[in-house]
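*Asks:* One file is attached below, structure.cif, containing mmCIF, C-alpha atoms and all ligand atoms.
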data_query
#
loop_
_atom_site.label_atom_id
_atom_site.label_comp_id
_atom_site.auth_asym_id
_atom_site.auth_seq_id
_atom_site.Cartn_x
_atom_site.Cartn_y
_atom_site.Cartn_z
CA MET K 16 111.37 106.01 101.90
CA ALA K 17 109.77 102.55 102.21
CA LEU K 18 112.17 99.62 102.57
CA HIS K 19 112.02 97.68 99.32
CA LEU K 20 113.10 94.05 99.19
CA ASN K 21 114.29 92.68 95.89
CA LYS K 22 112.57 89.36 95.02
CA ARG K 23 112.82 86.74 92.26
CA ILE K 24 109.42 86.82 90.59
CA LEU K 25 108.07 84.47 87.93
CA VAL K 26 105.37 85.85 85.62
CA THR K 27 103.78 83.09 83.51
CA GLY K 28 102.14 84.47 80.37
CA GLY K 29 104.49 87.42 80.78
CA ALA K 30 104.64 88.20 77.04
CA GLY K 31 100.87 88.67 76.84
CA PHE K 32 98.80 91.81 77.24
CA LEU K 33 98.48 91.89 81.05
CA GLY K 34 101.68 89.93 81.71
CA SER K 35 103.88 92.42 79.85
CA HIS K 36 102.48 95.35 81.86
CA LEU K 37 103.05 93.37 85.06
CA CYS K 38 106.67 92.63 84.00
CA ASP K 39 107.18 96.38 83.38
CA ARG K 40 105.95 97.21 86.86
CA LEU K 41 108.03 94.54 88.63
CA VAL K 42 111.22 95.30 86.64
CA GLU K 43 110.74 98.99 87.42
CA GLU K 44 110.50 98.13 91.15
CA GLY K 45 113.91 96.42 90.89
CA HIS K 46 112.85 92.78 91.22
CA ASP K 47 114.49 89.94 89.26
CA VAL K 48 111.74 89.08 86.82
CA LEU K 49 111.49 85.75 85.00
CA CYS K 50 108.99 86.00 82.19
CA LEU K 51 107.76 82.58 81.04
CA ASP K 52 105.73 82.26 77.83
CA ASN K 53 105.18 79.92 74.88
CA PHE K 54 104.01 82.81 72.62
CA TYR K 55 100.65 81.19 71.99
CA THR K 56 98.98 84.61 72.02
CA GLY K 57 101.77 86.78 73.45
CA THR K 58 104.59 88.36 71.43
CA LYS K 59 108.26 89.19 71.91
CA ALA K 60 107.39 92.74 70.81
CA ASN K 61 105.43 93.21 74.06
CA ILE K 62 108.57 92.70 76.15
CA ALA K 63 111.38 93.60 73.70
CA HIS K 64 111.99 96.88 75.56
CA LEU K 65 112.90 94.83 78.67
CA PHE K 66 115.55 92.59 77.03
CA ALA K 67 118.38 94.99 77.86
CA LYS K 68 117.45 95.19 81.55
CA PRO K 69 119.79 93.18 83.81
CA ASN K 70 116.87 92.17 86.06
CA PHE K 71 114.73 90.69 83.25
CA GLU K 72 114.91 87.14 81.79
CA LEU K 73 112.75 85.41 79.21
CA ILE K 74 112.04 81.67 79.28
CA ARG K 75 110.24 80.09 76.32
CA HIS K 76 108.27 77.24 77.87
CA ASP K 77 104.85 75.61 77.65
CA LEU K 78 103.25 75.57 81.09
CA ALA K 79 101.47 72.30 80.31
CA GLN K 80 104.95 70.81 80.98
CA PRO K 81 106.65 70.98 84.41
CA ILE K 82 109.52 73.38 85.07
CA PHE K 83 111.90 73.74 88.01
CA LEU K 84 112.95 77.24 89.08
CA GLU K 85 113.98 79.05 92.26
CA VAL K 86 111.58 81.92 92.88
CA ASP K 87 109.97 83.85 95.73
CA GLU K 88 106.70 84.77 94.02
CA ILE K 89 104.69 83.47 91.06
CA TYR K 90 102.03 85.39 89.13
CA ASN K 91 100.22 82.72 87.08
CA LEU K 92 98.77 84.46 84.01
CA ALA K 93 99.53 81.95 81.24
CA CYS K 94 96.29 81.22 79.36
CA PRO K 95 94.72 82.63 76.20
CA ALA K 96 92.03 85.08 77.35
CA SER K 97 90.13 85.99 74.19
CA PRO K 98 87.19 83.71 73.24
CA ILE K 99 88.48 83.17 69.68
CA HIS K 100 91.89 82.13 70.98
CA TYR K 101 90.80 79.94 73.87
CA GLN K 102 88.23 78.21 71.64
CA TYR K 103 90.74 77.62 68.81
CA ASN K 104 92.22 74.63 70.67
CA PRO K 105 89.91 74.02 73.65
CA VAL K 106 91.71 70.90 74.88
CA LYS K 107 94.94 72.88 75.01
CA THR K 108 93.14 75.65 76.95
CA VAL K 109 92.03 73.13 79.59
CA LYS K 110 95.56 71.69 79.78
CA THR K 111 97.07 75.16 80.20
CA CYS K 112 94.58 76.06 82.95
CA ILE K 113 94.81 72.82 84.89
CA MET K 114 98.26 71.35 84.19
CA GLY K 115 99.64 74.90 84.39
CA ALA K 116 98.06 75.40 87.83
CA ILE K 117 99.28 72.00 89.05
CA HIS K 118 102.84 72.67 87.85
CA MET K 119 102.97 76.17 89.34
CA LEU K 120 101.37 75.09 92.64
CA GLY K 121 103.81 72.17 92.86
CA LEU K 122 106.67 74.58 92.28
CA ALA K 123 105.29 77.02 94.88
CA LYS K 124 104.98 74.17 97.38
CA ARG K 125 108.57 72.97 96.77
CA VAL K 126 110.30 76.35 96.94
CA LYS K 127 107.80 77.93 99.38
CA ALA K 128 106.88 80.69 96.95
CA LYS K 129 103.79 82.86 97.22
CA ILE K 130 101.54 82.32 94.19
CA LEU K 131 98.79 84.44 92.63
CA GLN K 132 96.25 83.05 90.17
CA ALA K 133 94.81 85.29 87.43
CA SER K 134 91.25 83.99 87.57
CA THR K 135 88.33 85.57 85.79
CA SER K 136 84.80 86.92 85.98
CA GLU K 137 83.97 83.97 83.67
CA VAL K 138 83.76 81.81 86.80
CA TYR K 139 80.37 83.54 87.27
CA GLY K 140 79.26 82.43 83.78
CA ASP K 141 76.04 84.09 82.60
CA PRO K 142 75.30 85.51 86.04
CA ALA K 143 71.89 85.30 87.67
CA VAL K 144 73.07 87.78 90.34
CA HIS K 145 73.97 91.38 89.49
CA PRO K 146 76.46 92.88 90.24
CA GLN K 147 78.65 89.86 90.91
CA SER K 148 80.23 89.52 94.34
CA GLU K 149 82.74 86.86 95.35
CA SER K 150 80.11 84.93 97.34
CA TYR K 151 78.15 84.13 94.13
CA TRP K 152 78.92 80.61 92.85
CA GLY K 153 78.06 81.33 89.24
CA ASN K 154 75.96 79.99 86.39
CA VAL K 155 78.32 78.16 84.05
CA ASN K 156 77.54 75.73 81.21
CA PRO K 157 79.96 72.79 81.72
CA ILE K 158 79.73 71.53 78.10
CA GLY K 159 79.54 74.64 75.90
CA LEU K 160 82.03 76.45 73.68
CA ARG K 161 83.23 78.70 76.53
CA SER K 162 83.50 75.85 79.05
CA CYS K 163 87.16 75.01 78.29
CA TYR K 164 88.05 78.43 79.68
CA ASP K 165 85.33 78.91 82.31
CA GLU K 166 85.62 75.43 83.79
CA GLY K 167 89.41 75.39 83.35
CA LYS K 168 89.62 78.57 85.42
CA ARG K 169 87.12 77.25 87.98
CA CYS K 170 89.12 74.05 88.41
CA ALA K 171 92.33 76.10 88.71
CA GLU K 172 90.70 78.00 91.61
CA THR K 173 89.78 74.63 93.19
CA LEU K 174 93.41 73.50 92.89
CA PHE K 175 94.66 76.73 94.45
CA PHE K 176 92.39 76.33 97.46
CA ASP K 177 93.15 72.59 97.83
CA TYR K 178 96.93 73.20 97.74
CA HIS K 179 96.36 75.97 100.28
CA ARG K 180 94.35 73.76 102.66
CA GLN K 181 96.29 70.53 102.08
CA ASN K 182 99.86 71.81 101.62
CA ARG K 183 99.71 75.29 103.18
CA VAL K 184 100.75 76.94 99.91
CA ASN K 185 100.56 80.72 100.30
CA ILE K 186 98.00 81.59 97.61
CA ARG K 187 96.18 84.63 96.23
CA VAL K 188 93.28 84.47 93.77
CA VAL K 189 92.05 87.49 91.80
CA ARG K 190 88.99 87.40 89.52
CA ILE K 191 89.70 89.78 86.70
CA PHE K 192 86.84 91.49 84.83
CA ASN K 193 87.23 92.70 81.21
CA THR K 194 90.47 94.67 81.06
CA TYR K 195 91.74 96.68 78.09
CA GLY K 196 94.63 98.93 77.11
CA PRO K 197 97.79 99.25 75.03
CA ARG K 198 99.40 95.95 73.86
CA MET K 199 96.13 94.15 73.25
CA HIS K 200 96.81 92.31 70.01
CA PRO K 201 95.07 93.96 67.02
CA ASN K 202 93.68 90.52 66.05
CA ASP K 203 92.95 89.55 69.64
CA GLY K 204 89.21 89.34 68.98
CA ARG K 205 88.11 90.99 72.20
CA VAL K 206 85.55 93.74 71.92
CA VAL K 207 87.64 96.83 72.77
CA SER K 208 90.51 95.99 70.40
CA ASN K 209 88.12 94.82 67.65
CA PHE K 210 86.06 98.02 67.77
CA ILE K 211 89.09 100.35 67.90
CA VAL K 212 90.84 98.61 64.99
CA GLN K 213 87.60 98.62 62.97
CA ALA K 214 86.92 102.30 63.79
CA LEU K 215 90.44 103.46 62.95
CA SER K 216 90.31 101.68 59.59
CA HIS K 217 86.72 102.88 58.92
CA GLN K 218 85.46 99.30 58.62
CA ASP K 219 82.05 98.16 59.87
CA ILE K 220 81.86 97.78 63.66
CA THR K 221 80.71 94.23 64.42
CA VAL K 222 78.24 94.26 67.32
CA PHE K 223 77.22 90.73 68.30
CA GLY K 224 73.54 90.24 69.13
CA ASP K 225 71.55 93.46 69.55
CA GLY K 226 74.36 95.02 71.61
CA SER K 227 72.29 95.21 74.79
CA GLN K 228 74.59 92.82 76.69
CA THR K 229 76.74 94.67 79.21
CA ARG K 230 80.38 94.58 80.30
CA SER K 231 82.47 96.63 82.74
CA PHE K 232 85.83 97.71 81.37
CA CYS K 233 88.93 98.19 83.53
CA TYR K 234 92.01 100.04 82.29
CA VAL K 235 95.18 97.93 82.46
CA ASP K 236 97.15 100.20 84.86
CA ASP K 237 94.38 99.98 87.46
CA LEU K 238 94.25 96.20 87.13
CA ILE K 239 98.01 95.77 87.58
CA GLU K 240 97.91 97.95 90.69
CA GLY K 241 95.16 95.73 92.16
CA MET K 242 97.06 92.55 91.34
CA VAL K 243 100.29 93.76 92.95
CA ARG K 244 98.40 94.96 96.05
CA MET K 245 96.80 91.53 96.36
CA MET K 246 100.18 89.77 96.12
CA GLN K 247 101.69 92.12 98.71
CA GLY K 248 98.66 92.01 101.03
CA PRO K 249 98.37 90.12 104.31
CA ASN K 250 98.64 86.29 104.28
CA ASP K 251 95.19 85.91 105.85
CA PHE K 252 93.48 87.47 102.82
CA VAL K 253 93.88 84.95 100.01
CA GLY K 254 90.74 85.87 98.03
CA PRO K 255 89.08 85.26 95.72
CA VAL K 256 88.75 88.98 95.13
CA ASN K 257 87.11 90.75 92.19
CA LEU K 258 89.27 93.25 90.29
CA GLY K 259 87.47 95.34 87.71
CA ASN K 260 85.86 98.69 87.02
CA PRO K 261 82.21 98.77 88.10
CA GLY K 262 81.23 101.24 85.34
CA GLU K 263 78.76 99.19 83.25
CA PHE K 264 78.11 99.80 79.54
CA THR K 265 76.16 98.03 76.82
CA ILE K 266 78.23 96.83 73.89
CA LEU K 267 76.27 99.23 71.67
CA GLU K 268 77.24 102.14 73.94
CA LEU K 269 80.87 101.04 73.69
CA ALA K 270 80.66 100.98 69.88
CA GLU K 271 79.17 104.50 69.83
CA LYS K 272 81.80 105.85 72.24
CA ILE K 273 84.64 104.42 70.12
CA ILE K 274 83.16 105.81 66.87
CA HIS K 275 82.87 109.20 68.57
CA SER K 276 86.38 109.15 70.10
CA THR K 277 88.05 108.15 66.84
CA GLY K 278 85.95 110.40 64.57
CA SER K 279 85.37 107.28 62.48
CA ARG K 280 83.14 106.91 59.41
CA SER K 281 82.42 103.28 60.43
CA ARG K 282 78.85 101.97 60.45
CA ILE K 283 77.58 99.60 63.14
CA ILE K 284 76.47 96.18 61.87
CA PHE K 285 74.85 93.43 63.90
CA GLN K 286 76.04 89.81 63.83
CA ALA K 287 74.92 86.63 65.62
CA LEU K 288 75.49 86.51 69.38
CA PRO K 289 78.03 83.75 70.20
CA GLN K 290 76.83 80.76 72.27
CA ASP K 291 76.65 81.31 76.04
CA ASP K 292 77.67 84.97 75.73
CA PRO K 293 76.94 86.42 79.20
CA LEU K 294 74.14 89.01 79.07
CA GLN K 295 75.42 91.21 81.85
CA ARG K 296 78.58 91.65 83.87
CA LYS K 297 79.61 94.13 86.56
CA PRO K 298 81.91 93.54 89.49
CA ASP K 299 81.03 94.26 93.09
CA ILE K 300 84.44 95.55 94.22
CA SER K 301 83.61 96.33 97.85
CA LEU K 302 85.90 93.52 99.06
CA ALA K 303 88.91 94.88 97.11
CA ALA K 304 88.12 98.40 98.36
CA GLU K 305 87.98 97.22 101.98
CA LYS K 306 90.89 94.75 102.04
CA LEU K 307 93.29 96.29 99.50
CA GLU K 308 92.17 99.93 99.58
CA TRP K 309 91.90 99.56 95.81
CA THR K 310 89.49 101.24 93.43
CA PRO K 311 90.10 101.92 89.74
CA GLU K 312 91.09 105.48 88.81
CA VAL K 313 90.90 105.58 85.01
CA ASN K 314 87.40 106.01 83.55
CA LEU K 315 86.33 104.57 80.20
CA GLU K 316 86.73 107.84 78.23
CA GLU K 317 90.32 108.34 79.45
CA GLY K 318 91.25 104.66 79.06
CA LEU K 319 89.85 104.55 75.53
CA LYS K 320 91.79 107.72 74.65
CA ARG K 321 95.07 106.08 75.72
CA THR K 322 94.22 102.79 74.00
CA ILE K 323 93.18 104.50 70.75
CA ALA K 324 96.48 106.46 70.76
CA TYR K 325 98.36 103.14 71.05
CA PHE K 326 96.46 101.48 68.21
CA LYS K 327 97.02 104.57 66.00
CA THR K 328 100.78 104.14 66.38
CA ILE K 329 100.82 100.41 65.64
CA LEU K 330 98.36 100.62 62.74
CA THR K 331 100.29 103.43 61.03
CA ALA K 332 103.57 101.52 61.57
CA SER K 333 102.25 98.34 59.89
P1 LIG N 401 96.92 87.20 76.57
O1 LIG N 401 96.37 86.16 75.66
O2 LIG N 401 97.39 88.48 75.99
O3 LIG N 401 98.10 86.61 77.46
C1 LIG N 401 98.20 85.25 77.81
C2 LIG N 401 99.66 84.85 77.73
O4 LIG N 401 99.81 83.49 78.13
C3 LIG N 401 100.22 84.95 76.30
O5 LIG N 401 101.46 85.60 76.31
C4 LIG N 401 100.34 83.49 75.87
O6 LIG N 401 101.34 83.29 74.88
C5 LIG N 401 100.66 82.81 77.20
N1 LIG N 401 100.32 81.38 77.22
C6 LIG N 401 99.16 80.80 76.82
N2 LIG N 401 99.24 79.46 76.99
C7 LIG N 401 100.47 79.20 77.51
C8 LIG N 401 101.15 78.01 77.89
N3 LIG N 401 100.57 76.80 77.77
N4 LIG N 401 102.41 78.11 78.36
C9 LIG N 401 103.01 79.32 78.49
N5 LIG N 401 102.42 80.48 78.14
C10 LIG N 401 101.16 80.42 77.66
O7 LIG N 401 95.77 87.46 77.66
P2 LIG N 401 95.70 88.54 78.85
O8 LIG N 401 94.54 89.39 78.61
O9 LIG N 401 97.03 89.15 79.08
O10 LIG N 401 95.33 87.58 80.08
C11 LIG N 401 96.30 87.18 81.03
C12 LIG N 401 95.62 86.35 82.12
O11 LIG N 401 94.61 87.12 82.76
C13 LIG N 401 94.95 85.09 81.58
O12 LIG N 401 95.15 84.04 82.50
C14 LIG N 401 93.49 85.46 81.54
O13 LIG N 401 92.65 84.34 81.70
C15 LIG N 401 93.37 86.43 82.71
N6 LIG N 401 92.25 87.36 82.51
C16 LIG N 401 92.36 88.40 81.65
C17 LIG N 401 91.27 89.24 81.45
C18 LIG N 401 91.32 90.42 80.53
O14 LIG N 401 90.30 91.09 80.38
N7 LIG N 401 92.43 90.77 79.93
C19 LIG N 401 90.07 89.00 82.15
C20 LIG N 401 90.02 87.91 82.99
C21 LIG N 401 91.12 87.10 83.20
N1 LIG N 402 81.63 91.49 71.02
C1 LIG N 402 81.05 92.18 69.95
N2 LIG N 402 81.80 92.37 68.83
C2 LIG N 402 83.09 91.94 68.72
C3 LIG N 402 83.69 91.27 69.81
C4 LIG N 402 82.91 91.05 70.95
O1 LIG N 402 79.88 92.59 70.02
O2 LIG N 402 83.69 92.17 67.66
C5 LIG N 402 80.83 91.29 72.24
C6 LIG N 402 80.80 89.85 72.75
O3 LIG N 402 79.74 89.13 72.13
C7 LIG N 402 80.56 90.06 74.23
C8 LIG N 402 81.28 91.37 74.54
O4 LIG N 402 81.45 92.03 73.28
O5 LIG N 402 79.19 90.23 74.50
C9 LIG N 402 82.66 91.17 75.18
O6 LIG N 402 83.37 90.25 74.39
P1 LIG N 402 84.89 89.88 74.67
O7 LIG N 402 85.25 88.79 73.70
O8 LIG N 402 85.72 91.11 74.66
O9 LIG N 402 84.92 89.36 76.17
P2 LIG N 402 83.98 88.37 77.04
O10 LIG N 402 82.79 87.92 76.22
O11 LIG N 402 84.88 87.24 77.38
O12 LIG N 402 83.58 89.20 78.18
#
Reformat the file's structure so that it appears as structure tokens.
*Replies:*
Amino acid sequence: MALHLNKRILVTGGAGFLGSHLCDRLVEEGHDVLCLDNFYTGTKANIAHLFAKPNFELIRHDLAQPIFLEVDEIYNLACPASPIHYQYNPVKTVKTCIMGAIHMLGLAKRVKAKILQASTSEVYGDPAVHPQSESYWGNVNPIGLRSCYDEGKRCAETLFFDYHRQNRVNIRVVRIFNTYGPRMHPNDGRVVSNFIVQALSHQDITVFGDGSQTRSFCYVDDLIEGMVRMMQGPNDFVGPVNLGNPGEFTILELAEKIIHSTGSRSRIIFQALPQDDPLQRKPDISLAAEKLEWTPEVNLEEGLKRTIAYFKTILTAS
């Protein structure tokens, strides 16, 4: 049996979709997990099942403010991820990205903690290179509606690398591509949750634009595995590394798959494409495969099946 060392691990944004799954995994491994969240988009319901665990603690805190804690590792996930939520208060989104990164990097520097940043495929913007590999610098509008998030995340990456070079902070940066699964909020606004909720309630499925734009969808369990491998990996591989499922689908294909999988009577309707909506997105994951021996295992059909089953339970309960 592998020797397993128990660590104190801080998960910022731990009550959100990805953060709650990460807390589950780390609590299960026996670590002392500190979940920090201000419940901007996350919910207590996502982590309520962990409250009785002796190795789980919840801290209500806004990461735009400093905090002093003793930890060995930090996973920095705090930030609204859905366009409707990060655009609701764009100045706050920038503060969370940048002040949050500065506060967590300062903490990591002081207590010599290892720190992982949940960055995003949005750093590539509307990509002129396809698929996107880590060496591509991106095509991002600095003054558009998505910029608070895209540029906030880009600046956070800059801060991570500057603290690494200047202060020898032990960093990891992962660029996460569209991830879906149980515990996405039904009103989250992202495409997978929107379409499933619409299909299960037989409402019109809202495809933005003509639906020919593409995305690659990663199931949450695969993503968490990649993140943990990156944190545990060797100190000379700090990233950035893409984590995502390279299967590429148009948004119209996704709508049709979800209608089929739910047996829904929903019709597809077309609405205006939001500003700066990237036309195509697909990760090149050869770096993650080589350095972390990581490739996703759950295909879209199977992942949708599990996610639809989750939404059925929460929609019938409400
Ligand atoms: P989410 O909105 O479900 O979770 C974000 C969490 O951060 C929420 O619990 C929210 O309450 C918390 N939060 C927001 N602002 C905060 C603040 N100022 N202080 C403390 N907590 C705050 O989103 P998610 O999908 O779980 O995303 C988690 C992270 O992963 C984000 O950083 C996001 O940018 C990144 N990411 C996610 C995806 C994806 O497809 N899910 C893709 C790329 C990157
Ligand atoms: N989208 C859509 N209908 C919706 C929600 C989203 O057609 O109800 C589209 C959106 O325009 C984008 C894609 O689905 O092209 C993915 O959107 P999401 O908000 O999930 O993530 P992101 O744009 O950040 O990749």
*Asks:* Between atom CA of K:Phe326 and atom CA of K:Tyr195, what is the distance in Å, rounded to a tenth?
*Replies:* 12.0 Å
*Asks:* Given only C-alpha atoms as the basis, pick out the residue of K:Ala143, K:Ala67, K:Ala93, K:Met114 nearest to K:Ala79.
*Replies:*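 Answer, going by the shortest atom-to-atom distance: K:Met114.
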*Asks:* Go through K:Asn154, K:Asn202, K:Ser162, K:Gln295 and flag the residue nearest K:Ile99, using all atoms listed in the file for the distances.
*Replies:*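 Looking only at the distances to K:Ile99, the closest residue turns out to be K:Asn202.
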*Asks:* Taking all atoms listed in the file into account, which of K:Gly159, K:Gly29, K:Gly57, K:Pro289 comes nearest K:Pro201?
*Replies:* K:Gly57
*Asks:* To one decimal in Å, tell me the separation between atom CA of K:Thr331 and atom CA of K:Asn61.
*Replies:* 17.3 Å
*Asks:* Please determine, counting all atoms listed in the file, which residue among K:Leu92, K:Glu317, K:Glu305, K:Asp165 has the shortest atom-to-atom distance to K:Phe252.
*Replies:*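 Checking each candidate against K:Phe252, we get K:Glu305 as the closest.
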*Asks:* Taking only C-alpha atoms into account, which of K:Asp219, K:Asp299, K:Glu271, K:Glu308 comes nearest K:Arg244?
*Replies:*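 The answer is K:Glu308, which sits nearest to K:Arg244.
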*Asks:* Please identify all protein, DNA and RNA residues within 9 Å of ligand LIG 402 (chain N), counting only C-alpha atoms and all ligand atoms, and report them as a PyMOL selection string.
*Replies:* chain K and resi 96-99+136-137+161+192-195+203-210+213+220-231+265-267+270+285-290+292-296
*Asks:* Would you mind exporting C-alpha atoms of the selected residues as a PDB file, keeping the file's coordinate frame?
*Replies:*
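This is the output file out_14.pdb:
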ATOM      1  CA  ALA K  96      92.030  85.080  77.350  1.00  0.00           C
ATOM      2  CA  SER K  97      90.130  85.990  74.190  1.00  0.00           C
ATOM      3  CA  PRO K  98      87.190  83.710  73.240  1.00  0.00           C
ATOM      4  CA  ILE K  99      88.480  83.170  69.680  1.00  0.00           C
ATOM      5  CA  SER K 136      84.800  86.920  85.980  1.00  0.00           C
ATOM      6  CA  GLU K 137      83.970  83.970  83.670  1.00  0.00           C
ATOM      7  CA  ARG K 161      83.230  78.700  76.530  1.00  0.00           C
ATOM      8  CA  PHE K 192      86.840  91.490  84.830  1.00  0.00           C
ATOM      9  CA  ASN K 193      87.230  92.700  81.210  1.00  0.00           C
ATOM     10  CA  THR K 194      90.470  94.670  81.060  1.00  0.00           C
ATOM     11  CA  TYR K 195      91.740  96.680  78.090  1.00  0.00           C
ATOM     12  CA  ASP K 203      92.950  89.550  69.640  1.00  0.00           C
ATOM     13  CA  GLY K 204      89.210  89.340  68.980  1.00  0.00           C
ATOM     14  CA  ARG K 205      88.110  90.990  72.200  1.00  0.00           C
ATOM     15  CA  VAL K 206      85.550  93.740  71.920  1.00  0.00           C
ATOM     16  CA  VAL K 207      87.640  96.830  72.770  1.00  0.00           C
ATOM     17  CA  SER K 208      90.510  95.990  70.400  1.00  0.00           C
ATOM     18  CA  ASN K 209      88.120  94.820  67.650  1.00  0.00           C
ATOM     19  CA  PHE K 210      86.060  98.020  67.770  1.00  0.00           C
ATOM     20  CA  GLN K 213      87.600  98.620  62.970  1.00  0.00           C
ATOM     21  CA  ILE K 220      81.860  97.780  63.660  1.00  0.00           C
ATOM     22  CA  THR K 221      80.710  94.230  64.420  1.00  0.00           C
ATOM     23  CA  VAL K 222      78.240  94.260  67.320  1.00  0.00           C
ATOM     24  CA  PHE K 223      77.220  90.730  68.300  1.00  0.00           C
ATOM     25  CA  GLY K 224      73.540  90.240  69.130  1.00  0.00           C
ATOM     26  CA  ASP K 225      71.550  93.460  69.550  1.00  0.00           C
ATOM     27  CA  GLY K 226      74.360  95.020  71.610  1.00  0.00           C
ATOM     28  CA  SER K 227      72.290  95.210  74.790  1.00  0.00           C
ATOM     29  CA  GLN K 228      74.590  92.820  76.690  1.00  0.00           C
ATOM     30  CA  THR K 229      76.740  94.670  79.210  1.00  0.00           C
ATOM     31  CA  ARG K 230      80.380  94.580  80.300  1.00  0.00           C
ATOM     32  CA  SER K 231      82.470  96.630  82.740  1.00  0.00           C
ATOM     33  CA  THR K 265      76.160  98.030  76.820  1.00  0.00           C
ATOM     34  CA  ILE K 266      78.230  96.830  73.890  1.00  0.00           C
ATOM     35  CA  LEU K 267      76.270  99.230  71.670  1.00  0.00           C
ATOM     36  CA  ALA K 270      80.660 100.980  69.880  1.00  0.00           C
ATOM     37  CA  PHE K 285      74.850  93.430  63.900  1.00  0.00           C
ATOM     38  CA  GLN K 286      76.040  89.810  63.830  1.00  0.00           C
ATOM     39  CA  ALA K 287      74.920  86.630  65.620  1.00  0.00           C
ATOM     40  CA  LEU K 288      75.490  86.510  69.380  1.00  0.00           C
ATOM     41  CA  PRO K 289      78.030  83.750  70.200  1.00  0.00           C
ATOM     42  CA  GLN K 290      76.830  80.760  72.270  1.00  0.00           C
ATOM     43  CA  ASP K 292      77.670  84.970  75.730  1.00  0.00           C
ATOM     44  CA  PRO K 293      76.940  86.420  79.200  1.00  0.00           C
ATOM     45  CA  LEU K 294      74.140  89.010  79.070  1.00  0.00           C
ATOM     46  CA  GLN K 295      75.420  91.210  81.850  1.00  0.00           C
ATOM     47  CA  ARG K 296      78.580  91.650  83.870  1.00  0.00           C
TER      48      ARG K 296
END
*Asks:* Pick out the residues no farther than 8 Å from ligand LIG 401 (chain N), counting all atoms listed in the file, and list them as a PyMOL selection string.
*Replies:* chain K and resi 27-35+51-58+75-79+91-97+100+107-108+110-112+115+132-137+164+168+190-195+199-200+203+233
*Asks:* Once 4 Å is added on each side, what centre and edge lengths in Å to one decimal does the axis-aligned box around all listed atoms of stretch 79-94 of chain K have, as AutoDock Vina command-line options?
*Replies:*
--center_x 105.1 --center_y 78.1 --center_z 87.5 --size_x 25.7 --size_y 22.6 --size_z 24.4
*Asks:* Which residue gives the smallest distance to K:Lys306 among K:Glu166, K:Ile284, K:Pro255, K:Phe264, with only C-alpha atoms counted?
*Replies:*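 Ranked by minimum distance to K:Lys306, first place goes to K:Pro255.
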*Asks:* For K:Lys124, please output as a PDB file with C-alpha atoms, in the coordinates of the input all residues within 10 Å (counting all atoms listed in the file; exclusion window: fewer than 4 positions along the same chain).
*Replies:*
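Produced file out32.pdb, reproduced below:
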ATOM      1  CA  HIS K 118     102.840  72.670  87.850  1.00  0.00           C
ATOM      2  CA  MET K 119     102.970  76.170  89.340  1.00  0.00           C
ATOM      3  CA  LEU K 120     101.370  75.090  92.640  1.00  0.00           C
ATOM      4  CA  ALA K 128     106.880  80.690  96.950  1.00  0.00           C
ATOM      5  CA  LYS K 129     103.790  82.860  97.220  1.00  0.00           C
ATOM      6  CA  ILE K 130     101.540  82.320  94.190  1.00  0.00           C
ATOM      7  CA  TYR K 178      96.930  73.200  97.740  1.00  0.00           C
ATOM      8  CA  HIS K 179      96.360  75.970 100.280  1.00  0.00           C
ATOM      9  CA  ASN K 182      99.860  71.810 101.620  1.00  0.00           C
ATOM     10  CA  ARG K 183      99.710  75.290 103.180  1.00  0.00           C
ATOM     11  CA  VAL K 184     100.750  76.940  99.910  1.00  0.00           C
ATOM     12  CA  ASN K 185     100.560  80.720 100.300  1.00  0.00           C
TER      13      ASN K 185
END
*Asks:* What does the structure give for the distance between atom CA of K:Leu84 and atom CA of K:Asn21, in Å to one decimal?
*Replies:*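 These two atoms are separated by 16.9 Å.
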*Asks:* I need stretch 145-152 of chain K written out with N, CA and C atoms, as a tab-separated table (two decimals), in the first residue's frame; please produce it.
*Replies:*
chain	number	residue	atom	x	y	z
K	145	HIS	N	-5.99	25.80	-33.66
K	145	HIS	CA	-6.91	24.74	-33.27
K	145	HIS	C	-6.28	23.38	-33.49
K	146	PRO	N	-6.27	22.45	-32.55
K	146	PRO	CA	-6.67	22.62	-31.16
K	146	PRO	C	-5.69	23.52	-30.41
K	147	GLN	N	-6.05	23.91	-29.19
K	147	GLN	CA	-5.21	24.83	-28.44
K	147	GLN	C	-4.17	24.06	-27.61
K	148	SER	N	-2.90	24.42	-27.82
K	148	SER	CA	-1.86	23.85	-26.96
K	148	SER	C	-1.33	24.97	-26.06
K	149	GLU	N	-0.60	24.60	-25.03
K	149	GLU	CA	-0.18	25.55	-24.01
K	149	GLU	C	0.74	26.63	-24.57
K	150	SER	N	1.38	26.34	-25.72
K	150	SER	CA	2.33	27.32	-26.28
K	150	SER	C	1.60	28.47	-27.00
K	151	TYR	N	0.30	28.32	-27.23
K	151	TYR	CA	-0.48	29.38	-27.92
K	151	TYR	C	-0.80	30.49	-26.93
K	152	TRP	N	-0.53	31.76	-27.34
K	152	TRP	CA	-0.71	32.89	-26.42
K	152	TRP	C	-2.11	33.47	-26.42
